[in-house]
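Asks: Input file: protein-v7.txt. Contents: compact mmCIF, C-alpha atoms.
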```
# COMPACT_ATOMS: atom_id res chain seq x y z
CA MET A 11 0.00 0.00 0.00
CA ILE A 12 1.34 3.41 -0.92
CA MET A 13 0.51 6.16 1.53
CA SER A 14 -1.00 9.35 0.30
CA ALA A 15 -0.85 8.66 -3.39
CA PRO A 16 -1.31 11.80 -5.46
CA VAL A 17 -4.78 13.15 -5.23
CA THR A 18 -6.46 13.24 -8.62
CA ARG A 19 -8.89 15.99 -7.72
CA THR A 20 -7.83 19.44 -8.79
CA ASP A 21 -10.34 22.25 -8.78
CA ASP A 22 -13.40 20.26 -8.02
CA SER A 23 -13.12 20.71 -4.29
CA GLU A 24 -15.52 23.64 -4.23
CA THR A 25 -18.09 21.89 -6.36
CA PRO A 26 -20.82 20.28 -4.30
CA ALA A 27 -19.71 17.06 -2.70
CA PRO A 28 -21.24 13.86 -3.97
CA PRO A 29 -24.75 13.42 -2.61
CA ASP A 30 -23.80 10.48 -0.49
CA GLU A 31 -21.12 12.51 1.27
CA GLU A 32 -23.57 15.33 1.84
CA LEU A 33 -26.01 12.84 3.28
CA LEU A 34 -23.31 11.43 5.51
CA VAL A 35 -22.39 14.89 6.75
CA ARG A 36 -26.03 15.66 7.43
CA GLY A 37 -26.46 12.41 9.28
CA ALA A 38 -23.31 12.93 11.31
CA ARG A 39 -24.47 16.41 12.22
CA ARG A 40 -27.59 14.86 13.69
CA GLY A 41 -25.39 12.61 15.78
CA ASP A 42 -25.49 9.54 13.55
CA LEU A 43 -22.23 7.81 14.43
CA GLU A 44 -22.56 5.26 11.65
CA ALA A 45 -22.57 8.05 9.10
CA TYR A 46 -19.56 9.61 10.73
CA ASP A 47 -17.82 6.26 10.79
CA GLU A 48 -18.12 6.15 7.01
CA LEU A 49 -16.73 9.68 6.72
CA VAL A 50 -13.77 8.75 8.91
CA ARG A 51 -13.04 5.69 6.79
CA ARG A 52 -13.08 7.78 3.64
CA HIS A 53 -10.58 10.35 4.82
CA GLN A 54 -8.52 8.61 7.50
CA GLU A 55 -5.58 7.67 5.29
CA ARG A 56 -4.97 11.09 3.82
CA ILE A 57 -5.48 12.90 7.10
CA TYR A 58 -3.16 10.51 8.89
CA ALA A 59 -0.56 10.75 6.11
CA THR A 60 -0.53 14.54 6.13
CA ILE A 61 -0.01 14.65 9.87
CA TYR A 62 2.57 11.89 9.78
CA HIS A 63 4.63 13.63 7.09
CA MET A 64 4.47 16.82 9.12
CA THR A 65 5.52 15.26 12.41
CA ALA A 66 7.68 12.32 11.24
CA ASN A 67 6.26 10.45 14.20
CA HIS A 68 3.68 7.67 13.98
CA GLU A 69 2.41 7.96 17.57
CA ASP A 70 1.93 11.72 17.28
CA ALA A 71 0.21 11.29 13.94
CA ASN A 72 -2.12 8.68 15.41
CA ASP A 73 -3.12 10.92 18.32
CA LEU A 74 -3.48 14.05 16.24
CA ALA A 75 -5.46 12.31 13.50
CA GLN A 76 -7.90 10.87 16.04
CA GLU A 77 -8.23 14.21 17.79
CA SER A 78 -8.83 15.95 14.48
CA PHE A 79 -11.71 13.63 13.66
CA ILE A 80 -13.14 14.02 17.15
CA LYS A 81 -12.91 17.79 16.95
CA ALA A 82 -14.50 17.75 13.51
CA PHE A 83 -17.41 15.71 14.84
CA GLN A 84 -17.91 18.11 17.72
CA ALA A 85 -17.72 21.11 15.38
CA LEU A 86 -19.96 19.68 12.67
CA LYS A 87 -22.81 21.94 13.70
CA SER A 88 -20.68 24.93 12.80
CA PHE A 89 -19.84 23.50 9.38
CA LYS A 90 -21.79 25.70 6.98
CA GLY A 91 -20.84 23.88 3.80
CA GLY A 92 -18.94 26.87 2.38
CA SER A 93 -16.17 24.49 1.41
CA SER A 94 -16.19 20.74 0.96
CA PHE A 95 -16.16 18.59 4.05
CA TYR A 96 -12.80 17.30 2.88
CA THR A 97 -11.22 20.79 2.85
CA TRP A 98 -12.83 21.71 6.14
CA LEU A 99 -11.55 18.53 7.77
CA TYR A 100 -8.09 19.15 6.37
CA ARG A 101 -8.05 22.63 7.88
CA ILE A 102 -8.86 21.23 11.30
CA ALA A 103 -6.13 18.62 11.03
CA VAL A 104 -3.55 21.07 9.72
CA ASN A 105 -4.28 23.68 12.40
CA LYS A 106 -4.15 21.07 15.12
CA THR A 107 -0.85 19.74 13.81
CA ILE A 108 0.77 23.15 13.47
CA ASN A 109 -0.31 24.11 16.99
CA TYR A 110 1.12 20.87 18.29
CA LEU A 111 4.40 21.36 16.44
CA LYS A 112 4.75 24.86 17.86
CA GLN A 113 4.36 23.49 21.37
CA ARG A 114 6.77 20.63 20.62
CA LYS A 115 9.41 23.00 19.25
CA ASN A 116 12.98 21.70 19.56
CA ARG A 117 11.75 18.39 20.94
CA THR A 118 11.65 16.50 17.70
CA HIS A 119 11.68 12.76 17.98
CA MET A 120 11.29 10.79 14.80
CA SER A 121 9.32 7.58 14.87
CA LEU A 122 9.23 6.63 11.23
CA ASN A 123 7.01 4.07 9.64
CA ASP A 124 8.57 1.23 7.74
CA LEU A 125 8.97 1.56 4.01
CA ASP A 126 6.65 -0.46 1.91
CA PHE A 127 8.43 -3.24 0.07
CA GLN A 128 7.26 -1.78 -3.24
CA ALA A 129 9.69 1.09 -2.74
CA GLU A 130 12.50 -1.18 -3.87
CA HIS A 131 10.87 -1.48 -7.25
CA ASP A 132 10.22 2.21 -7.83
CA PRO A 133 12.37 3.31 -10.78
CA ASP A 134 12.54 6.92 -9.58
CA LEU A 135 13.95 5.85 -6.26
CA MET A 136 16.30 3.32 -7.77
CA ALA A 137 17.76 6.06 -9.90
CA LEU A 138 18.72 7.90 -6.74
CA ILE A 139 20.46 5.02 -5.02
CA SER A 140 24.17 5.42 -5.30
CA ASP A 141 26.27 2.70 -6.91
CA LYS A 142 28.38 2.73 -3.80
CA THR A 143 25.48 1.61 -1.66
CA PRO A 144 26.08 -2.08 -0.96
CA ARG A 145 22.44 -2.96 -0.32
CA ARG A 146 19.45 -1.21 -1.75
CA GLU A 147 17.41 -1.55 1.42
CA ALA A 148 20.02 0.17 3.53
CA GLY A 149 20.24 2.94 0.99
CA LEU A 150 16.51 3.57 1.07
CA THR A 151 16.34 3.57 4.86
CA GLU A 152 19.18 6.03 5.03
CA LEU A 153 17.52 8.22 2.43
CA GLN A 154 14.28 8.06 4.38
CA GLU A 155 15.95 9.28 7.55
CA LYS A 156 17.84 12.08 5.82
CA LEU A 157 14.73 13.19 3.97
CA ASN A 158 12.69 13.34 7.16
CA GLU A 159 15.44 15.18 9.00
CA ALA A 160 15.60 17.74 6.21
CA LEU A 161 11.83 18.16 6.21
CA LEU A 162 11.81 18.79 9.95
CA LYS A 163 14.26 21.63 9.44
CA LEU A 164 11.73 23.54 7.36
CA SER A 165 9.26 25.88 9.01
CA GLU A 166 5.77 24.44 9.45
CA PRO A 167 4.11 26.40 6.61
CA HIS A 168 6.90 25.47 4.18
CA ARG A 169 6.87 21.84 5.24
CA LEU A 170 3.12 21.71 4.89
CA VAL A 171 3.20 23.05 1.34
CA VAL A 172 5.83 20.51 0.30
CA VAL A 173 3.96 17.65 1.95
CA LEU A 174 0.62 18.59 0.41
CA HIS A 175 2.01 19.23 -3.06
CA ASP A 176 5.01 16.97 -3.58
CA VAL A 177 3.98 14.06 -1.37
CA GLN A 178 0.21 14.13 -1.53
CA GLY A 179 -0.12 15.62 -4.98
CA GLN A 180 -2.62 18.33 -4.13
CA SER A 181 -3.07 21.31 -6.42
CA HIS A 182 -1.96 24.83 -5.58
CA GLU A 183 -5.59 25.90 -5.42
CA GLU A 184 -6.54 23.19 -2.98
CA ILE A 185 -3.53 23.95 -0.79
CA ALA A 186 -4.42 27.64 -0.80
CA LYS A 187 -7.90 26.77 0.47
CA ILE A 188 -6.57 24.48 3.15
CA MET A 189 -3.98 26.97 4.33
CA ASP A 190 -6.32 29.93 3.91
CA CYS A 191 -3.87 31.94 1.79
CA ASN A 192 -3.58 32.90 -1.87
CA ILE A 193 -2.05 30.79 -4.61
CA GLY A 194 0.94 33.09 -5.01
CA THR A 195 1.88 32.48 -1.40
CA VAL A 196 1.61 28.74 -1.94
CA ARG A 197 3.87 28.90 -4.99
CA SER A 198 6.51 31.04 -3.33
CA ARG A 199 6.51 28.85 -0.23
CA LEU A 200 6.85 25.76 -2.36
CA PHE A 201 9.77 27.20 -4.28
CA TYR A 202 11.57 28.32 -1.14
CA ALA A 203 10.95 24.99 0.60
CA ARG A 204 12.29 23.04 -2.35
CA GLN A 205 15.37 25.23 -2.50
CA GLN A 206 16.04 24.57 1.16
CA LEU A 207 15.49 20.85 0.79
CA GLN A 208 17.78 20.68 -2.20
CA ALA A 209 20.53 22.38 -0.25
CA LEU A 210 20.02 20.11 2.76
CA LEU A 211 19.96 16.95 0.65
CA SER A 212 22.58 17.87 -1.92
CA ASP A 213 24.66 14.80 -1.05
CA TYR A 214 21.80 12.52 -1.97
CA LEU A 215 20.60 14.22 -5.13
CA LYS A 216 22.20 13.72 -8.50
CA MET B 8 8.12 27.80 -13.62
CA ASN B 9 8.95 24.83 -15.84
CA GLU B 10 12.63 25.56 -15.43
CA ASN B 11 12.18 25.50 -11.69
CA GLU B 12 10.32 22.22 -11.94
CA ASN B 13 13.22 20.76 -13.90
CA ASN B 14 15.69 22.03 -11.33
CA PHE B 15 13.80 20.15 -8.66
CA GLU B 16 13.29 16.97 -10.64
CA SER B 17 15.66 14.85 -8.57
CA LEU B 18 14.16 16.25 -5.39
CA ARG B 19 10.70 15.39 -6.64
CA ARG B 20 11.85 11.82 -7.26
CA LEU B 21 13.26 11.63 -3.77
CA MET B 22 10.01 12.90 -2.28
CA VAL B 23 8.30 9.86 -3.77
CA LEU B 24 9.97 7.90 -1.01
CA LYS B 25 7.65 9.50 1.54
CA ARG B 26 4.67 7.82 -0.07
CA TYR B 27 6.10 4.43 0.79
CA GLU B 28 6.21 5.14 4.52
CA THR B 29 3.29 3.08 5.73
CA PRO B 30 1.85 2.58 9.22
CA PRO B 31 1.79 -0.92 10.73
CA PRO B 32 -0.35 -3.45 8.82
CA GLY B 33 -4.02 -3.32 9.76
CA TYR B 34 -3.63 0.08 11.36
CA PHE B 35 -6.57 1.61 9.50
CA ASN B 36 -8.84 -1.35 10.24
CA TYR B 37 -9.33 -0.10 13.78
CA PHE B 38 -8.77 3.61 13.33
CA SER B 39 -12.39 4.67 12.85
CA SER B 40 -13.63 2.43 15.66
CA GLN B 41 -11.10 4.04 18.00
CA VAL B 42 -12.30 7.49 16.97
CA LEU B 43 -15.93 6.55 17.57
CA GLN B 44 -15.04 4.99 20.88
CA ARG B 45 -13.43 8.22 21.99
CA ILE B 46 -16.41 10.23 20.78
CA ARG B 47 -18.78 8.00 22.76
CA ALA B 48 -16.54 8.22 25.82
CA GLY B 49 -16.53 12.00 25.47
CA ASP B 50 -20.31 12.12 25.28
CA ALA B 51 -20.58 9.91 28.33
CA GLY B 52 -18.16 12.18 30.12
CA THR B 53 -20.11 15.32 29.39
CA SER B 54 -23.43 13.82 30.43
CA ALA B 55 -22.05 12.35 33.63
CA ASN B 56 -23.40 13.38 36.98
CA TRP B 57 -22.42 17.00 37.50
CA VAL B 58 -22.05 16.47 41.20
CA GLU B 59 -19.38 13.90 40.55
CA GLY B 60 -17.78 16.26 38.13
CA LEU B 61 -17.88 19.09 40.63
CA PHE B 62 -16.75 17.34 43.76
CA GLY B 63 -15.51 13.92 42.78
CA ARG B 64 -12.86 14.57 40.23
CA ALA B 65 -12.62 18.34 40.62
CA ALA B 66 -12.65 18.66 36.86
CA TRP B 67 -13.75 22.28 37.16
CA LEU B 68 -10.62 22.98 39.13
CA GLU B 69 -8.49 21.31 36.49
CA ARG B 70 -10.20 23.38 33.81
CA LEU B 71 -9.65 26.56 35.79
CA LEU B 72 -6.00 25.74 36.25
CA GLN B 73 -5.68 24.96 32.57
CA VAL B 74 -7.18 28.30 31.66
CA LEU B 75 -4.89 30.09 34.09
CA ASP B 76 -1.94 28.14 32.77
CA VAL B 77 -2.63 28.92 29.15
CA LYS B 78 -3.56 32.60 29.54
CA PRO B 79 -1.21 34.63 31.74
CA VAL B 80 -3.67 37.51 31.58
CA PHE B 81 -6.31 35.40 33.31
CA ALA B 82 -3.80 34.31 35.93
CA SER B 83 -2.86 37.94 36.62
CA ALA B 84 -6.50 38.99 36.78
CA PHE B 85 -7.31 36.11 39.10
CA ALA B 86 -4.40 36.97 41.40
CA GLY B 87 -5.40 40.64 41.32
CA ALA B 88 -8.96 39.80 42.26
CA LEU B 89 -7.76 37.67 45.17
CA CYS B 90 -5.48 40.50 46.39
CA LEU B 91 -8.36 42.99 46.12
CA LEU B 92 -10.63 40.69 48.12
CA LEU B 93 -7.95 40.29 50.78
CA PHE B 94 -7.39 44.05 50.92
CA LEU B 95 -11.09 44.77 51.25
CA GLY B 96 -11.35 42.13 53.93
CA ILE B 97 -8.58 43.76 55.96
CA ILE B 98 -10.14 47.20 55.58
CA TYR B 99 -13.52 45.87 56.59
CA ALA B 100 -12.06 44.14 59.61
CA GLU B 101 -10.31 47.28 60.81
CA ARG B 102 -13.34 49.54 60.68
CA PRO B 103 -14.45 49.89 64.33
CA ASP B 104 -18.01 50.97 63.63
CA LEU B 105 -18.61 47.83 61.59
CA THR B 106 -16.66 45.32 63.60
CA SER B 107 -17.87 46.41 67.04
CA GLN B 108 -21.50 46.44 66.09
CA PRO B 109 -22.32 42.82 66.81
CA VAL B 110 -20.63 42.99 70.21
CA LEU B 111 -22.50 46.13 71.10
CA GLN B 112 -25.75 44.60 70.09
CA ALA B 113 -25.15 41.65 72.34
CA THR B 114 -24.24 43.76 75.31
CA THR B 115 -27.08 46.11 74.69
CA THR B 116 -29.50 43.27 74.97
CA THR B 117 -28.24 42.40 78.39
CA ALA B 118 -28.06 46.03 79.36
CA SER B 119 -31.64 46.64 78.47
CA LEU B 120 -32.66 43.69 80.57
CA THR B 121 -30.82 44.98 83.58
CA ALA B 122 -31.75 48.58 83.17
CA VAL B 123 -33.83 50.03 85.93
CA SER B 124 -35.95 52.02 83.64
CA PRO B 125 -35.90 52.28 79.92
CA PRO B 126 -34.42 55.49 78.68
CA THR B 127 -36.90 58.02 77.70
CA LEU B 128 -35.48 59.86 74.84
CA SER B 129 -36.99 62.72 73.10
CA GLN B 130 -35.05 61.82 70.03
CA PRO B 131 -35.29 58.68 68.06
CA THR B 132 -32.62 56.28 69.11
CA ASP B 133 -31.36 53.11 67.70
CA GLN B 134 -31.14 49.88 69.60
CA MET B 135 -27.90 50.87 71.31
CA GLY B 136 -29.28 54.06 72.71
CA ILE B 137 -27.19 56.31 70.58
CA VAL B 138 -28.96 59.34 69.30
CA SER B 139 -29.58 59.04 65.68
CA SER B 140 -27.44 61.19 63.52
CA THR B 141 -30.43 62.20 61.49
CA SER B 142 -31.68 64.36 64.33
CA PRO B 143 -28.65 66.20 65.54
CA VAL B 144 -30.10 67.51 68.77
CA LEU B 145 -28.33 67.00 72.00
CA SER B 146 -30.26 65.27 74.66
CA LEU B 147 -29.50 65.52 78.32
CA GLN B 148 -31.36 62.43 79.19
CA PRO B 149 -29.34 59.39 79.95
CA VAL B 150 -29.13 56.62 77.44
CA ALA B 151 -28.41 53.02 77.92
CA SER B 152 -24.77 52.21 77.89
CA PRO B 153 -23.65 49.44 75.66
CA PHE B 154 -21.45 48.25 78.52
CA GLY B 155 -24.20 47.89 81.03
CA GLN B 156 -23.67 51.24 82.72
CA GLN B 157 -25.64 54.38 82.54
CA SER B 158 -23.88 56.91 80.40
CA SER B 159 -23.92 60.38 81.75
CA LEU B 160 -25.02 62.32 78.77
CA ALA B 161 -26.10 61.83 75.28
CA GLN B 162 -23.41 61.86 72.70
CA PRO B 163 -22.73 64.72 70.39
CA VAL B 164 -23.46 64.51 66.73
CA SER B 165 -19.95 63.61 65.85
CA PHE B 166 -20.19 60.46 67.96
CA SER B 167 -16.92 61.30 69.71
CA LEU B 168 -17.10 60.20 73.30
CA SER B 169 -16.88 62.86 75.93
CA GLY B 170 -13.59 62.91 77.70
CA ASN B 171 -11.69 61.49 74.76
```
Output the file's structure in the form of structure tokens.

Replies:
Amino acid sequence: MIMSAPVTRTDDSETPAPPDEELLVRGARRGDLEAYDELVRRHQERIYATIYHMTANHEDANDLAQESFIKAFQALKSFKGGSSFYTWLYRIAVNKTINYLKQRKNRTHMSLNDLDFQAEHDPDLMALISDKTPRREAGLTELQEKLNEALLKLSEPHRLVVVLHDVQGQSHEEIAKIMDCNIGTVRSRLFYARQQLQALLSDYLK
Amino acid sequence: MNENENNFESLRRLMVLKRYETPPPGYFNYFSSQVLQRIRAGDAGTSANWVEGLFGRAAWLERLLQVLDVKPVFASAFAGALCLLLFLGIIYAERPDLTSQPVLQATTTTASLTAVSPPTLSQPTDQMGIVSSTSPVLSLQPVASPFGQQSSLAQPVSFSLSGN
């Protein structure tokens, strides 16, 4: 299973959600936990992945993802439907994560998930493994650690933009809605974050 | 922008690695049930007996401390209010006309019981026999002493005792 595969949706986030999702939201707002269970199942992987890539810690991501869904359920009555439920939920998760990271400042402890075995067969990744690396697995694990360390050195807004765009494949427009800023800000943050990452990972990039 | 994209091509390929970081197998099988469990537990917690919440676990105290901990302004205001209360309490305690009143009332009761004859005052008096300040007329008639003795004269308007 590949976490947070690129999201295919682009600008359709503001279009009305599919009827079944609207029905689920309506049901959940009335306190129907079965409806909310379905909503959680639909979005759990992407919400968890975003938080995990931001924190580089599985336990923190687990707690924050659960708390985000709980908070969303409690705040459902205030959800006016101005944006899609998906964007609204993302905002809650992102704000919660950024607040947590601010409190956790300088106390970073990585608890990385294992790499899926399919990573060894990814041609893009194989192209990055140095010929000097004796075993591919070791090379990937080392790359994983260095990449996460570099990401943690970015500021939260810059890290978030990189995670949402380059890892999760979200569009600039969608990121702007989630982060409540304009597209120009998203683009400039993305460019600056990539520049920083490239400098930090220059030894591992050809 | 395309040039920038090309510059970051190798970085983009490296970022692909993040997508292969997966949580433990079966993790998402139980995720939603855990969320719902916590939601149900939260609902149960909020609808629990308020008496237990108030006295049993002192949750209100925890919440107050949390608020004070998070907002220094609230902590300062709370401390200021406590200081003000303390200050007012000290001032109130040191005011003789307010603090001595209950004692005087008690002694007056016994004095009135032992008095030979009730004082006949031309002016309205309060329970202690002091001429009311609303009618500032001196009276030469004796009034009941709060200490069980007959006072010689009525007190002047200013309430200052004669001989002091």

Asks: Within 10 Å of A:Ala45, counting all atoms listed in the file, which residues show up once you throw out same-chain ones fewer than 4 positions away? Write them as a list in words, please.

Replies: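 The neighbour list is Asp30, Glu31, Leu33, Leu34, Val35, Arg36, Gly37, Ala38, Arg39, Arg40, Gly41, Leu49 and Val50 of chain A.
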
Asks: Hey, what's within 7 Å of A:Tyr62 if we count only C-alpha atoms and toss same-chain stuff fewer than 5 positions away? As an NGL selection string, please?

Replies: :A and (67-68 or 71)

Asks: What are the closest atom pairs, with distances in Å to one decimal, for all residues of chain A lying within 8 Å of chain B? Consider all atoms listed in the file, order rows by chain and residue number, and present the result as CSV.

Replies:
```
residue,atom,partner,partner_atom,distance
A:Met11,CA,B:Thr29,CA,7.3
A:Ile12,CA,B:Tyr27,CA,5.2
A:Met13,CA,B:Arg26,CA,4.8
A:Ser14,CA,B:Arg26,CA,5.9
A:Ala15,CA,B:Arg26,CA,6.5
A:Leu43,CA,B:Leu43,CA,7.2
A:Asp47,CA,B:Ser39,CA,6.0
A:Val50,CA,B:Ser39,CA,5.8
A:Arg51,CA,B:Ser39,CA,6.2
A:Gln54,CA,B:Phe35,CA,7.5
A:Glu55,CA,B:Phe35,CA,7.4
A:His63,CA,B:Lys25,CA,7.5
A:His68,CA,B:Pro30,CA,7.2
A:Gln76,CA,B:Val42,CA,5.6
A:Glu77,CA,B:Val42,CA,7.9
A:Phe79,CA,B:Val42,CA,7.0
A:Ile80,CA,B:Ile46,CA,6.2
A:Leu122,CA,B:Glu28,CA,7.5
A:Asn123,CA,B:Glu28,CA,5.3
A:Asp124,CA,B:Glu28,CA,5.6
A:Leu125,CA,B:Glu28,CA,4.5
A:Asp126,CA,B:Tyr27,CA,5.0
A:Gln128,CA,B:Tyr27,CA,7.5
A:Ala129,CA,B:Tyr27,CA,6.0
A:Asp134,CA,B:Arg20,CA,5.5
A:Leu135,CA,B:Leu21,CA,6.3
A:Leu138,CA,B:Leu21,CA,7.2
A:Gln154,CA,B:Leu24,CA,6.9
A:Leu157,CA,B:Met22,CA,7.8
A:Asp176,CA,B:Met22,CA,6.6
A:Val177,CA,B:Met22,CA,6.2
A:Gln178,CA,B:Arg26,CA,7.9
A:Phe201,CA,B:Asn11,CA,8.0
A:Arg204,CA,B:Phe15,CA,7.1
A:Leu207,CA,B:Leu18,CA,7.8
A:Gln208,CA,B:Leu18,CA,6.6
A:Leu215,CA,B:Ser17,CA,6.1
A:Lys216,CA,B:Ser17,CA,6.6
```

Asks: Using the selection just defined, write its residues with C-alpha atoms as a short mmCIF file (atom, residue, chain, number, x, y, z; two decimals), in the frame of the given file.

Replies:
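Below is the file that was written, again37.cif:
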```
data_model
loop_
_atom_site.label_atom_id
_atom_site.label_comp_id
_atom_site.auth_asym_id
_atom_site.auth_seq_id
_atom_site.Cartn_x
_atom_site.Cartn_y
_atom_site.Cartn_z
CA MET A 11 0.00 0.00 0.00
CA ILE A 12 1.34 3.41 -0.92
CA MET A 13 0.51 6.16 1.53
CA SER A 14 -1.00 9.35 0.30
CA ALA A 15 -0.85 8.66 -3.39
CA LEU A 43 -22.23 7.81 14.43
CA ASP A 47 -17.82 6.26 10.79
CA VAL A 50 -13.77 8.75 8.91
CA ARG A 51 -13.04 5.69 6.79
CA GLN A 54 -8.52 8.61 7.50
CA GLU A 55 -5.58 7.67 5.29
CA HIS A 63 4.63 13.63 7.09
CA HIS A 68 3.68 7.67 13.98
CA GLN A 76 -7.90 10.87 16.04
CA GLU A 77 -8.23 14.21 17.79
CA PHE A 79 -11.71 13.63 13.66
CA ILE A 80 -13.14 14.02 17.15
CA LEU A 122 9.23 6.63 11.23
CA ASN A 123 7.01 4.07 9.64
CA ASP A 124 8.57 1.23 7.74
CA LEU A 125 8.97 1.56 4.01
CA ASP A 126 6.65 -0.46 1.91
CA GLN A 128 7.26 -1.78 -3.24
CA ALA A 129 9.69 1.09 -2.74
CA ASP A 134 12.54 6.92 -9.58
CA LEU A 135 13.95 5.85 -6.26
CA LEU A 138 18.72 7.90 -6.74
CA GLN A 154 14.28 8.06 4.38
CA LEU A 157 14.73 13.19 3.97
CA ASP A 176 5.01 16.97 -3.58
CA VAL A 177 3.98 14.06 -1.37
CA GLN A 178 0.21 14.13 -1.53
CA PHE A 201 9.77 27.20 -4.28
CA ARG A 204 12.29 23.04 -2.35
CA LEU A 207 15.49 20.85 0.79
CA GLN A 208 17.78 20.68 -2.20
CA LEU A 215 20.60 14.22 -5.13
CA LYS A 216 22.20 13.72 -8.50
#
```

Asks: Skipping near chain neighbours, those fewer than 4 positions away, what residues fall within 12 Å of A:Glu159 using only C-alpha atoms, listed as a PyMOL selection string?

Replies: chain A and resi 63-67+118-122+152-155+163-164+169+207+210-211

Asks: How many Å lie between atom CA of A:Tyr110 and atom CA of A:Tyr46, rounded to one decimal?

Replies: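 That distance, rounded to one decimal, is 24.7 Å.
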
Asks: Find the distance between atom CA of A:Ser88 and atom CA of A:Ile102 and write it in Å to one decimal.

Replies: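 We find that atom CA of A:Ser88 and atom CA of A:Ile102 lie 12.5 Å from each other.
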